[in-house]
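Some notes on the structure that comes next.
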Amino acid sequence: MDRIQAIETFVAVAESGGFAAGARRLQTSPPTVTRTIAALEKHLGVQLFHRTTRSVRTTDMGERFLQDARRLWADFDAAEASVRGLSQHPSGRLAVTAPVLFGARYVVPCITQYLRRYPQMAVSAHFLDRSVSLIEEGVDVGIRIAHL
C-alpha cells in the first residue's frame, strides 16, 4: 500500500463526503478508492468511515486521523514547494572573479541582470588580473581570458 496515496485518498473521501465524489476529485475509479480506504483501515486497524447507502462520514478515529492527515499533507506540499522553489529560485551567495576590464564591461551587467531575476541571491565580484585559486579563495565562478 502506498501510504501517501492512501492519505490523499482518505482526505479526498472525507472532504468530498463520499467514495464516488472522492474518486472524481482524484480522477480515479470508485472501486480503486474503496480498495485504498479498505487497505488503509486494515493497516491502521480502525474503521475510518461510517458507511450507509446514503452517506459516508468519518468516525471519531477517522476525524482525528483526518486532522493529522491534513497537517501531514500540508507539510508534504510545503516540502515539495520548498524543493521546487530551490530549483526555480536560487538563493544564497555566489562569488565571481574575472579580469578587471572584462569584469567591469561584461560581467557587471550580467550580475545586475542576474540579481534582478533572482533577488534572493547575493553576489560578490572580485575583479583581479591575477590567477585565483577558486577553491582556496571560495570562488564559485572564475572567468579568465588567455591563450591556453
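Quick note on naming: the chains in the C-alpha cells go A, B, ... in the order shown, residues restart at 1 in each chain, and ligands are numbered from 1 in order of appearance.
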> Could you write out, as a count of residues only, all the residues of segment 36-69 of chain A that DSSP marks as strand (DSSP E)?
Replying inline: 6
Report as a tab-separated table: every residue of segment 55-113 of chain A with an atom at most 9 Å from segment 8-20 of chain A, its closest pair of atoms, and their distance in Å to one decimal, counting only C-alpha atoms, with rows sorted by chain and ascending residue number.
residue	atom	partner	partner_atom	distance
A:Ser55	CA	A:Gly18	CA	6.7
A:Val56	CA	A:Gly18	CA	5.3
A:Arg57	CA	A:Gly17	CA	6.4
A:Thr58	CA	A:Ala14	CA	6.6
A:Gly62	CA	A:Ala14	CA	8.6
A:Glu63	CA	A:Ala14	CA	8.6
A:Leu66	CA	A:Val11	CA	6.4
A:Ala69	CA	A:Val11	CA	7.0
A:Arg70	CA	A:Val11	CA	7.1
A:Trp73	CA	A:Glu8	CA	7.5
Same residues, N, CA and C atoms, saved as a compact mmCIF listing (two decimals), in the first residue's frame:
# COMPACT_ATOMS: atom_id res chain seq x y z
N SER A 55 -24.88 7.97 2.82
CA SER A 55 -23.81 8.89 3.22
C SER A 55 -22.56 8.15 3.70
N VAL A 56 -21.50 8.90 3.71
CA VAL A 56 -20.23 8.45 4.25
C VAL A 56 -19.73 9.58 5.14
N ARG A 57 -19.45 9.25 6.40
CA ARG A 57 -18.90 10.26 7.29
C ARG A 57 -17.82 9.62 8.15
N THR A 58 -16.93 10.45 8.63
CA THR A 58 -15.81 9.92 9.40
C THR A 58 -16.27 9.47 10.79
N GLY A 62 -11.63 8.42 12.67
CA GLY A 62 -11.45 8.96 11.33
C GLY A 62 -11.29 10.47 11.36
N GLU A 63 -12.05 11.13 12.21
CA GLU A 63 -11.95 12.59 12.33
C GLU A 63 -10.58 12.99 12.88
N LEU A 66 -8.16 12.46 10.17
CA LEU A 66 -8.32 13.49 9.15
C LEU A 66 -7.55 14.75 9.53
N ALA A 69 -3.95 13.92 9.09
CA ALA A 69 -3.65 13.73 7.67
C ALA A 69 -3.59 15.06 6.94
N ARG A 70 -4.49 15.98 7.26
CA ARG A 70 -4.44 17.32 6.64
C ARG A 70 -3.13 18.02 6.98
N TRP A 73 -0.39 16.28 5.07
CA TRP A 73 -0.49 16.62 3.65
C TRP A 73 0.01 18.04 3.40
>> What's around Val132 of chain A at 10 Å? Count only C-alpha atoms, leave out sequence neighbours fewer than 5 positions away in its own chain, and write the answer as a list in words.
In response: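 Everything that qualifies: Thr97, Ala98, His126, Glu137, Gly138, Val139, Gly142, Ile143 and Arg144 of chain A.
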Can you list every residue in segment 2-146 of chain A that DSSP puts in helix (DSSP H, G or I), as a short mmCIF file (atom, residue, chain, number, x, y, z; two decimals) with N, CA, C and O atoms, in the first residue's frame?
data_model
loop_
_atom_site.label_atom_id
_atom_site.label_comp_id
_atom_site.auth_asym_id
_atom_site.auth_seq_id
_atom_site.Cartn_x
_atom_site.Cartn_y
_atom_site.Cartn_z
N ARG A 3 1.31 4.60 1.18
CA ARG A 3 0.68 5.34 2.28
C ARG A 3 0.39 6.79 1.91
O ARG A 3 -0.61 7.34 2.37
N ILE A 4 1.22 7.40 1.10
CA ILE A 4 0.96 8.78 0.68
C ILE A 4 -0.31 8.83 -0.15
O ILE A 4 -1.18 9.69 0.06
N GLN A 5 -0.45 7.90 -1.09
CA GLN A 5 -1.67 7.84 -1.91
C GLN A 5 -2.87 7.53 -1.02
O GLN A 5 -3.96 8.08 -1.23
N ALA A 6 -2.69 6.66 -0.05
CA ALA A 6 -3.80 6.30 0.84
C ALA A 6 -4.26 7.52 1.66
O ALA A 6 -5.46 7.74 1.82
N ILE A 7 -3.32 8.31 2.14
CA ILE A 7 -3.69 9.52 2.90
C ILE A 7 -4.39 10.51 1.99
O ILE A 7 -5.41 11.09 2.37
N GLU A 8 -3.87 10.69 0.78
CA GLU A 8 -4.52 11.59 -0.17
C GLU A 8 -5.94 11.12 -0.47
O GLU A 8 -6.88 11.92 -0.52
N THR A 9 -6.12 9.83 -0.65
CA THR A 9 -7.44 9.25 -0.93
C THR A 9 -8.37 9.46 0.26
O THR A 9 -9.52 9.86 0.10
N PHE A 10 -7.88 9.17 1.47
CA PHE A 10 -8.68 9.35 2.67
C PHE A 10 -9.16 10.79 2.80
O PHE A 10 -10.34 11.04 3.05
N VAL A 11 -8.26 11.74 2.64
CA VAL A 11 -8.63 13.17 2.76
C VAL A 11 -9.66 13.53 1.68
O VAL A 11 -10.65 14.23 1.97
N ALA A 12 -9.47 13.06 0.47
CA ALA A 12 -10.41 13.37 -0.62
C ALA A 12 -11.80 12.83 -0.31
O ALA A 12 -12.81 13.52 -0.51
N VAL A 13 -11.90 11.59 0.18
CA VAL A 13 -13.20 10.99 0.51
C VAL A 13 -13.84 11.75 1.67
O VAL A 13 -15.03 12.09 1.63
N ALA A 14 -13.06 12.03 2.71
CA ALA A 14 -13.60 12.71 3.88
C ALA A 14 -14.09 14.11 3.53
O ALA A 14 -15.18 14.52 3.96
N GLU A 15 -13.32 14.85 2.75
CA GLU A 15 -13.71 16.21 2.40
C GLU A 15 -14.82 16.25 1.37
O GLU A 15 -15.62 17.19 1.35
N SER A 16 -14.89 15.24 0.50
CA SER A 16 -15.93 15.19 -0.53
C SER A 16 -17.24 14.60 -0.02
O SER A 16 -18.28 14.77 -0.64
N PHE A 19 -17.32 8.21 -1.49
CA PHE A 19 -16.30 7.50 -2.25
C PHE A 19 -16.31 7.92 -3.72
O PHE A 19 -15.26 8.13 -4.32
N ALA A 20 -17.50 8.04 -4.30
CA ALA A 20 -17.60 8.44 -5.71
C ALA A 20 -17.10 9.87 -5.89
O ALA A 20 -16.37 10.17 -6.84
N ALA A 21 -17.48 10.76 -4.98
CA ALA A 21 -17.03 12.15 -5.07
C ALA A 21 -15.52 12.24 -4.87
O ALA A 21 -14.83 13.01 -5.56
N GLY A 22 -14.99 11.45 -3.95
CA GLY A 22 -13.54 11.41 -3.75
C GLY A 22 -12.82 10.90 -4.98
O GLY A 22 -11.76 11.39 -5.36
N ALA A 23 -13.41 9.89 -5.62
CA ALA A 23 -12.82 9.34 -6.85
C ALA A 23 -12.80 10.39 -7.96
O ALA A 23 -11.81 10.51 -8.68
N ARG A 24 -13.90 11.14 -8.10
CA ARG A 24 -13.94 12.21 -9.10
C ARG A 24 -12.86 13.25 -8.81
O ARG A 24 -12.16 13.71 -9.72
N ARG A 25 -12.73 13.61 -7.56
CA ARG A 25 -11.73 14.62 -7.17
C ARG A 25 -10.31 14.13 -7.50
O ARG A 25 -9.47 14.92 -7.92
N LEU A 26 -10.07 12.85 -7.32
CA LEU A 26 -8.75 12.28 -7.59
C LEU A 26 -8.59 11.79 -9.03
O LEU A 26 -7.52 11.31 -9.40
N PRO A 30 -14.16 4.72 -8.50
CA PRO A 30 -14.65 4.43 -7.15
C PRO A 30 -14.14 3.10 -6.58
O PRO A 30 -13.79 3.05 -5.40
N PRO A 31 -14.05 2.02 -7.37
CA PRO A 31 -13.51 0.79 -6.80
C PRO A 31 -12.06 0.94 -6.31
O PRO A 31 -11.68 0.37 -5.29
N THR A 32 -11.27 1.73 -7.01
CA THR A 32 -9.89 1.97 -6.58
C THR A 32 -9.88 2.70 -5.24
O THR A 32 -9.12 2.36 -4.33
N VAL A 33 -10.75 3.69 -5.10
CA VAL A 33 -10.84 4.44 -3.85
C VAL A 33 -11.30 3.52 -2.72
O VAL A 33 -10.75 3.53 -1.61
N THR A 34 -12.30 2.69 -2.99
CA THR A 34 -12.81 1.76 -1.99
C THR A 34 -11.72 0.80 -1.52
O THR A 34 -11.54 0.58 -0.32
N ARG A 35 -10.96 0.25 -2.47
CA ARG A 35 -9.87 -0.67 -2.11
C ARG A 35 -8.78 0.04 -1.30
O ARG A 35 -8.24 -0.50 -0.34
N THR A 36 -8.47 1.26 -1.68
CA THR A 36 -7.43 2.01 -0.98
C THR A 36 -7.84 2.30 0.46
O THR A 36 -7.04 2.13 1.39
N ILE A 37 -9.09 2.72 0.65
CA ILE A 37 -9.58 3.00 2.01
C ILE A 37 -9.62 1.72 2.83
O ILE A 37 -9.24 1.71 4.01
N ALA A 38 -10.07 0.63 2.24
CA ALA A 38 -10.11 -0.65 2.95
C ALA A 38 -8.71 -1.07 3.38
O ALA A 38 -8.50 -1.53 4.52
N ALA A 39 -7.73 -0.91 2.50
CA ALA A 39 -6.34 -1.26 2.85
C ALA A 39 -5.81 -0.35 3.95
O ALA A 39 -5.10 -0.82 4.86
N LEU A 40 -6.16 0.93 3.90
CA LEU A 40 -5.72 1.86 4.94
C LEU A 40 -6.34 1.51 6.29
O LEU A 40 -5.65 1.48 7.31
N GLU A 41 -7.63 1.21 6.28
CA GLU A 41 -8.30 0.82 7.53
C GLU A 41 -7.70 -0.47 8.09
O GLU A 41 -7.49 -0.58 9.30
N LYS A 42 -7.39 -1.40 7.22
CA LYS A 42 -6.77 -2.65 7.67
C LYS A 42 -5.38 -2.37 8.25
O LYS A 42 -5.02 -2.90 9.30
N HIS A 43 -4.63 -1.52 7.57
CA HIS A 43 -3.29 -1.17 8.03
C HIS A 43 -3.33 -0.49 9.41
O HIS A 43 -2.51 -0.79 10.27
N LEU A 44 -4.29 0.41 9.59
CA LEU A 44 -4.41 1.15 10.85
C LEU A 44 -5.11 0.35 11.93
O LEU A 44 -4.98 0.64 13.12
N ASP A 60 -15.12 8.80 14.86
CA ASP A 60 -14.32 9.64 15.76
C ASP A 60 -12.83 9.48 15.48
O ASP A 60 -12.09 10.46 15.41
N MET A 61 -12.40 8.23 15.31
CA MET A 61 -11.00 7.98 14.98
C MET A 61 -10.68 8.52 13.58
O MET A 61 -9.59 9.04 13.35
N GLY A 62 -11.63 8.42 12.67
CA GLY A 62 -11.45 8.96 11.33
C GLY A 62 -11.29 10.47 11.36
O GLY A 62 -10.48 11.03 10.61
N GLU A 63 -12.05 11.13 12.21
CA GLU A 63 -11.95 12.59 12.33
C GLU A 63 -10.58 12.99 12.88
O GLU A 63 -9.97 13.95 12.40
N ARG A 64 -10.11 12.26 13.87
CA ARG A 64 -8.76 12.51 14.41
C ARG A 64 -7.71 12.33 13.33
O ARG A 64 -6.80 13.13 13.17
N PHE A 65 -7.86 11.21 12.61
CA PHE A 65 -6.90 10.91 11.56
C PHE A 65 -6.97 11.96 10.46
O PHE A 65 -5.94 12.34 9.89
N LEU A 66 -8.16 12.46 10.17
CA LEU A 66 -8.32 13.49 9.15
C LEU A 66 -7.55 14.75 9.53
O LEU A 66 -6.86 15.35 8.69
N GLN A 67 -7.64 15.17 10.77
CA GLN A 67 -6.90 16.36 11.21
C GLN A 67 -5.40 16.15 11.05
O GLN A 67 -4.69 17.02 10.54
N ASP A 68 -4.93 14.98 11.49
CA ASP A 68 -3.50 14.68 11.35
C ASP A 68 -3.10 14.55 9.88
O ASP A 68 -2.03 15.01 9.48
N ALA A 69 -3.95 13.92 9.09
CA ALA A 69 -3.65 13.73 7.67
C ALA A 69 -3.59 15.06 6.94
O ALA A 69 -2.72 15.26 6.08
N ARG A 70 -4.49 15.98 7.26
CA ARG A 70 -4.44 17.32 6.64
C ARG A 70 -3.13 18.02 6.98
O ARG A 70 -2.51 18.65 6.12
N ARG A 71 -2.71 17.91 8.23
CA ARG A 71 -1.45 18.52 8.65
C ARG A 71 -0.27 17.87 7.91
O ARG A 71 0.61 18.55 7.39
N LEU A 72 -0.27 16.53 7.85
CA LEU A 72 0.78 15.83 7.13
C LEU A 72 0.79 16.21 5.65
O LEU A 72 1.85 16.41 5.06
N TRP A 73 -0.39 16.28 5.07
CA TRP A 73 -0.49 16.62 3.65
C TRP A 73 0.01 18.04 3.40
O TRP A 73 0.70 18.30 2.42
N ALA A 74 -0.32 18.96 4.29
CA ALA A 74 0.16 20.34 4.17
C ALA A 74 1.69 20.38 4.29
O ALA A 74 2.36 21.10 3.54
N ASP A 75 2.24 19.60 5.22
CA ASP A 75 3.70 19.54 5.37
C ASP A 75 4.35 18.94 4.12
O ASP A 75 5.40 19.41 3.67
N PHE A 76 3.72 17.92 3.57
CA PHE A 76 4.23 17.29 2.36
C PHE A 76 4.21 18.29 1.20
O PHE A 76 5.19 18.42 0.46
N ASP A 77 3.12 19.02 1.04
CA ASP A 77 3.02 20.04 0.00
C ASP A 77 4.07 21.12 0.20
O ASP A 77 4.69 21.59 -0.76
N ALA A 78 4.28 21.53 1.44
CA ALA A 78 5.28 22.55 1.74
C ALA A 78 6.68 22.05 1.40
O ALA A 78 7.51 22.80 0.88
N ALA A 79 6.96 20.78 1.71
CA ALA A 79 8.27 20.21 1.38
C ALA A 79 8.48 20.19 -0.13
O ALA A 79 9.56 20.55 -0.62
N GLU A 80 7.47 19.80 -0.88
CA GLU A 80 7.57 19.80 -2.33
C GLU A 80 7.77 21.22 -2.86
O GLU A 80 8.59 21.45 -3.74
N ALA A 81 7.00 22.15 -2.34
CA ALA A 81 7.12 23.55 -2.78
C ALA A 81 8.50 24.10 -2.46
O ALA A 81 9.07 24.85 -3.26
N SER A 82 9.04 23.72 -1.32
CA SER A 82 10.37 24.17 -0.94
C SER A 82 11.42 23.67 -1.93
O SER A 82 12.28 24.43 -2.37
N VAL A 83 11.31 22.40 -2.29
CA VAL A 83 12.28 21.84 -3.24
C VAL A 83 12.10 22.49 -4.60
O VAL A 83 13.07 22.86 -5.26
N ARG A 84 10.86 22.64 -5.03
CA ARG A 84 10.61 23.30 -6.32
C ARG A 84 11.14 24.73 -6.29
O ARG A 84 11.72 25.20 -7.24
N GLY A 85 10.91 25.41 -5.17
CA GLY A 85 11.36 26.79 -5.03
C GLY A 85 12.86 26.90 -5.08
O GLY A 85 13.41 27.83 -5.68
N LEU A 86 13.56 25.93 -4.48
CA LEU A 86 15.02 25.96 -4.52
C LEU A 86 15.53 25.77 -5.94
O LEU A 86 16.50 26.39 -6.35
N SER A 87 14.87 24.90 -6.69
CA SER A 87 15.33 24.66 -8.04
C SER A 87 14.91 25.78 -8.99
O SER A 87 15.55 25.99 -10.00
N GLN A 88 13.86 26.51 -8.68
CA GLN A 88 13.38 27.57 -9.56
C GLN A 88 13.92 28.94 -9.18
O GLN A 88 14.09 29.79 -10.02
N VAL A 100 39.94 42.57 -14.53
CA VAL A 100 39.38 43.88 -14.16
C VAL A 100 38.57 44.50 -15.29
O VAL A 100 37.38 44.81 -15.11
N LEU A 101 39.15 44.74 -16.45
CA LEU A 101 38.43 45.43 -17.53
C LEU A 101 37.27 44.60 -18.08
O LEU A 101 36.18 45.11 -18.31
N PHE A 102 37.50 43.30 -18.27
CA PHE A 102 36.44 42.42 -18.77
C PHE A 102 35.29 42.37 -17.77
O PHE A 102 34.11 42.43 -18.13
N GLY A 103 35.62 42.28 -16.49
CA GLY A 103 34.60 42.23 -15.45
C GLY A 103 33.75 43.47 -15.42
O GLY A 103 32.52 43.41 -15.34
N ALA A 104 34.41 44.64 -15.49
CA ALA A 104 33.67 45.90 -15.45
C ALA A 104 32.77 46.07 -16.67
O ALA A 104 31.64 46.55 -16.55
N ARG A 105 33.26 45.65 -17.82
CA ARG A 105 32.49 45.87 -19.04
C ARG A 105 31.41 44.81 -19.29
O ARG A 105 30.31 45.14 -19.72
N TYR A 106 31.72 43.55 -19.04
CA TYR A 106 30.80 42.47 -19.43
C TYR A 106 30.15 41.74 -18.25
O TYR A 106 29.00 41.33 -18.34
N VAL A 107 30.89 41.54 -17.18
CA VAL A 107 30.37 40.72 -16.09
C VAL A 107 29.40 41.51 -15.21
O VAL A 107 28.36 40.99 -14.80
N VAL A 108 29.71 42.78 -14.93
CA VAL A 108 28.82 43.59 -14.08
C VAL A 108 27.40 43.65 -14.64
O VAL A 108 26.43 43.45 -13.90
N PRO A 109 27.19 43.92 -15.95
CA PRO A 109 25.82 43.91 -16.47
C PRO A 109 25.13 42.54 -16.31
O PRO A 109 23.93 42.49 -16.02
N CYS A 110 25.89 41.48 -16.46
CA CYS A 110 25.30 40.13 -16.28
C CYS A 110 24.90 39.90 -14.82
O CYS A 110 23.84 39.35 -14.55
N ILE A 111 25.76 40.33 -13.91
CA ILE A 111 25.44 40.18 -12.48
C ILE A 111 24.22 41.01 -12.13
O ILE A 111 23.33 40.53 -11.41
N THR A 112 24.14 42.21 -12.64
CA THR A 112 22.99 43.08 -12.38
C THR A 112 21.70 42.43 -12.86
O THR A 112 20.69 42.39 -12.15
N GLN A 113 21.73 41.91 -14.08
CA GLN A 113 20.56 41.22 -14.63
C GLN A 113 20.22 39.98 -13.80
O GLN A 113 19.05 39.72 -13.52
N TYR A 114 21.21 39.22 -13.38
CA TYR A 114 21.02 38.03 -12.56
C TYR A 114 20.36 38.38 -11.23
O TYR A 114 19.42 37.71 -10.78
N LEU A 115 20.83 39.45 -10.59
CA LEU A 115 20.27 39.85 -9.30
C LEU A 115 18.83 40.37 -9.44
O LEU A 115 18.03 40.21 -8.52
N ARG A 116 18.51 40.98 -10.56
CA ARG A 116 17.11 41.38 -10.78
C ARG A 116 16.22 40.16 -10.91
O ARG A 116 15.09 40.14 -10.42
N ARG A 117 16.74 39.14 -11.59
CA ARG A 117 15.96 37.92 -11.79
C ARG A 117 15.86 37.08 -10.52
O ARG A 117 14.85 36.46 -10.27
#
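For the atom pair formed by atom CA of Gln120 of chain A and atom CA of Leu134 of chain A, the distance is 23.1 Å, given to one decimal.
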>> When you look at Ala122 of chain A with a cut-off of 8 Å (counting only C-alpha atoms), what residues show up, excluding the ones that are within fewer than 2 positions of it in the same chain? I need them as a list of chain:residue names.
In response: A:Ser91, A:Gly92, A:Arg93, A:Leu94, A:Leu115, A:Pro119, A:Gln120, A:Ser124
>> Please report the interatomic distance between atom CA of Tyr118 of chain A and atom CA of Ala95 of chain A in Å with one decimal.
In response: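 Between atom CA of Tyr118 of chain A and atom CA of Ala95 of chain A the gap works out to 14.7 Å.
Across the structure, atom CA of Glu136 of chain A and atom CA of Pro99 of chain A are spaced 18.0 Å apart.
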